[in-house]
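Structure, as structure tokens:
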Amino acid sequence: MPGLERTIEIRGTFDGAAARELIVTLTARKRDWVIEFAHASDVKLHALGALLLGLESENPPAHVWLRGLTIHHLSIVRSFGYVVDSRGRLSRAGIRERL
């Protein structure tokens, strides 16, 4: 990570409303973001999917790193055509410089 990214810590339940709010934040400015899920009490699968779909907007963030997701959550990420590398960087499967 370049060190200039902003970190957003998810606490409590990450649901559809939280996903919509996060998408607005992430797409408001072209920058790098770290999303930390380790402190979330519950990550709703539909909300994770909504977040991934929201990243496909006309103004996607420069890069996104995901931290604190379980193996189950990562399988959902893969089902939407994304991969998370060993450092947590999110990208489209087969495209290295997407997010």
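Identifiers in the structure tokens: chain A, B, ... in order shown; residue index from 1 per chain; ligand index from 1 in order shown.
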At most 9 Å is the cut-off: for each residue in stretch 10-70 of chain A with any atom that close to an atom of stretch 88-92 of chain A, write down the nearest atom pair and the distance in Å rounded to one decimal, counting only C-alpha atoms, chain first then increasing number, as CSV.
```
residue,atom,partner,partner_atom,distance
A:Val34,CA,A:Arg89,CA,8.6
A:His63,CA,A:Leu90,CA,7.3
A:Val64,CA,A:Leu90,CA,5.6
A:Trp65,CA,A:Arg89,CA,4.1
A:Leu66,CA,A:Gly88,CA,5.2
A:Arg67,CA,A:Gly88,CA,6.0
```
Would you put the residues from that selection into a file with C-alpha atoms, as a compact mmCIF listing (two decimals), in the first residue's frame?
```txt
# COMPACT_ATOMS: atom_id res chain seq x y z
CA VAL A 34 -8.77 0.25 3.11
CA HIS A 63 -7.65 1.03 -5.24
CA VAL A 64 -9.43 -0.85 -2.47
CA TRP A 65 -8.00 -3.20 0.14
CA LEU A 66 -10.28 -5.46 2.18
CA ARG A 67 -9.20 -6.67 5.60
```
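All residues within stretch 19-74 of chain A that the backbone DSSP calculation assigns to helix (DSSP H, G or I) are A:Ala19, A:Arg20, A:Glu21, A:Leu22, A:Ile23, A:Val24, A:Thr25, A:Leu26, A:Thr27, A:Ala28, A:Leu45, A:His46, A:Ala47, A:Leu48, A:Gly49, A:Ala50, A:Leu51, A:Leu52, A:Leu53, A:Gly54, A:Ile71, A:His72, A:His73, A:Leu74.
Between atom CA of A:Ala62 and atom CA of A:Ser41 the separation is 27.6 Å.
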Exercise. Quick one: residues within 7 Å of A:Asp15, only C-alpha atoms counted, chain neighbours fewer than 2 positions away excluded, as a ChimeraX atom specification?
Worked result: /A:13,17-19,43-44,47
Problem set entry | DSSP-assigned strand (DSSP E) members of chain A, reported as a count of residues only | 28
Exercise. Which residue, A:Gly68, A:Gly54, A:Gly49, A:Gly94, has the smallest gap to A:Val24 when you use only C-alpha atoms?
Worked result: A:Gly54
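Pairwise distance (atom CA of A:Glu56, atom CA of A:Gly12) equals 25.3 Å.
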